[in-house]
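Colleague: Sending over a structure as structure tokens; questions will come in a sec.
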Amino acid sequence: MKSKGGVGSIRELGGGREVFDDHDQDEDGMGGRKKLKLDRFQSRILEDSFKDHTTLNLKQKQALARRLNLKPRQVEVWYQNRRARNKLKQTEMECEMLKKCYETLKDENRRLEKEVQHLTAIQGKGMMQVPPANLTICPFCERITGSVSRFMTP
């Protein structure tokens, strides 16, 4: 996965991952991007460490880099990209949840519009009076609930 706007990025490749650092020099010394493929052990340690701390201070970053035989900058770039992936995943999940809520509310709105049309038609014929509804907001789902009591006119 490649991040945009960052100073580096990470991309999954087979069993490991590649870390790109825009500040590293390539083999001919001309600058650019240098690839580093992380093995499964390195990826697992980084993921486990990320579960404990989503950000690292300088000492943690250096210790982790020594343990994994990486440069501190490579660990920093991996963490930046991992946080970006987390944020993207969270945004996608929130979007899906909002879509479901929207569909539910749209269905409820259609149902209520039909009910209003029906009640308007009945009330127009003078057959029924509808007092105001007792509405409350459900504390769990924050939906408006309540019942409308209907009285037939004599």
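We name chains A, B, ... following the order of the structure tokens; residues begin at 1 in each chain, and ligands are numbered from 1 as shown.
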Would you tabulate, counting only C-alpha atoms, all residues of stretch 27-99 of chain A that have an atom at most 12 Å from an atom of stretch 104-119 of chain A, showing the closest pair of atoms and their distance in Å to one decimal, sorted by chain then ascending number, as a Markdown table?
Modeller:
```
| residue | atom | partner | partner_atom | distance |
| --- | --- | --- | --- | --- |
| A:Met97 | CA | A:Thr104 | CA | 10.7 |
| A:Leu98 | CA | A:Thr104 | CA | 9.8 |
| A:Lys99 | CA | A:Thr104 | CA | 8.6 |
```
Colleague: Between atom CA of A:Gln80 and atom CA of A:Lys51, measure the distance and give it in Å to one decimal.
Modeller: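 Between atom CA of A:Gln80 and atom CA of A:Lys51 the gap is 13.9 Å.
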Colleague: Please provide as a list in words all residues within 10 Å of stretch 57-63 of chain A, with the sequence filter that same-chain residues fewer than 3 positions apart are discarded (counting only C-alpha atoms).
Modeller: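 Listing them by chain and then by number gives Ser49, His53, Arg66, Arg67, Leu68, Asn69, Leu70, Lys71, Pro72, Arg73, Gln74, Val75, Glu76 and Tyr79 of chain A.
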Colleague: Pick out each residue of stretch 62-138 of chain A that DSSP on the backbone tags as strand (DSSP E or B); I need them as an mmCIF file with all heavy atoms, in the first residue's frame.
Modeller:
```
data_model
loop_
_atom_site.group_PDB
_atom_site.id
_atom_site.type_symbol
_atom_site.label_atom_id
_atom_site.label_comp_id
_atom_site.auth_asym_id
_atom_site.auth_seq_id
_atom_site.Cartn_x
_atom_site.Cartn_y
_atom_site.Cartn_z
ATOM 1 N N MET A 128 -61.507 10.421 11.479
ATOM 2 C CA MET A 128 -60.564 10.152 12.554
ATOM 3 C C MET A 128 -59.842 11.437 12.945
ATOM 4 O O MET A 128 -59.536 12.270 12.105
ATOM 5 C CB MET A 128 -59.571 9.123 12.050
ATOM 6 C CG MET A 128 -58.514 8.738 13.018
ATOM 7 S SD MET A 128 -57.241 7.953 12.103
ATOM 8 C CE MET A 128 -57.000 6.448 12.700
ATOM 9 N N GLN A 129 -59.599 11.610 14.227
ATOM 10 C CA GLN A 129 -58.788 12.721 14.692
ATOM 11 C C GLN A 129 -57.502 12.138 15.260
ATOM 12 O O GLN A 129 -57.533 11.124 15.948
ATOM 13 C CB GLN A 129 -59.499 13.506 15.780
ATOM 14 C CG GLN A 129 -60.702 14.274 15.274
ATOM 15 C CD GLN A 129 -61.365 15.034 16.394
ATOM 16 O OE1 GLN A 129 -61.078 14.812 17.567
ATOM 17 N NE2 GLN A 129 -62.259 15.940 16.031
ATOM 18 N N ASN A 134 -46.776 11.243 21.366
ATOM 19 C CA ASN A 134 -45.839 11.314 22.482
ATOM 20 C C ASN A 134 -44.523 10.744 21.980
ATOM 21 O O ASN A 134 -44.366 9.532 21.872
ATOM 22 C CB ASN A 134 -46.333 10.494 23.676
ATOM 23 C CG ASN A 134 -47.583 11.085 24.271
ATOM 24 O OD1 ASN A 134 -47.743 12.296 24.249
ATOM 25 N ND2 ASN A 134 -48.449 10.248 24.798
ATOM 26 N N LEU A 135 -43.583 11.606 21.666
ATOM 27 C CA LEU A 135 -42.325 11.154 21.092
ATOM 28 C C LEU A 135 -41.210 11.242 22.112
ATOM 29 O O LEU A 135 -41.141 12.166 22.906
ATOM 30 C CB LEU A 135 -41.959 12.004 19.867
ATOM 31 C CG LEU A 135 -42.959 11.997 18.725
ATOM 32 C CD1 LEU A 135 -42.484 12.923 17.626
ATOM 33 C CD2 LEU A 135 -43.157 10.588 18.190
ATOM 34 N N THR A 136 -40.345 10.257 22.078
ATOM 35 C CA THR A 136 -39.151 10.258 22.918
ATOM 36 C C THR A 136 -37.970 9.822 22.054
ATOM 37 O O THR A 136 -38.150 9.208 21.003
ATOM 38 C CB THR A 136 -39.284 9.282 24.105
ATOM 39 O OG1 THR A 136 -39.529 7.974 23.598
ATOM 40 C CG2 THR A 136 -40.393 9.691 25.040
ATOM 41 N N ILE A 137 -36.775 10.119 22.523
ATOM 42 C CA ILE A 137 -35.571 9.691 21.810
ATOM 43 C C ILE A 137 -34.995 8.490 22.544
ATOM 44 O O ILE A 137 -34.725 8.556 23.746
ATOM 45 C CB ILE A 137 -34.534 10.832 21.729
ATOM 46 C CG1 ILE A 137 -35.113 11.989 20.920
ATOM 47 C CG2 ILE A 137 -33.229 10.336 21.132
ATOM 48 C CD1 ILE A 137 -34.210 13.186 20.824
#
```
Colleague: As an NGL selection string, please: the residues near A:Glu47 (cut-off 12 Å, only C-alpha atoms, same-chain neighbours under 3 positions excluded).
Modeller: :A and (17 or 38 or 40-44 or 50-54 or 64 or 75 or 78-79 or 81-83 or 86)
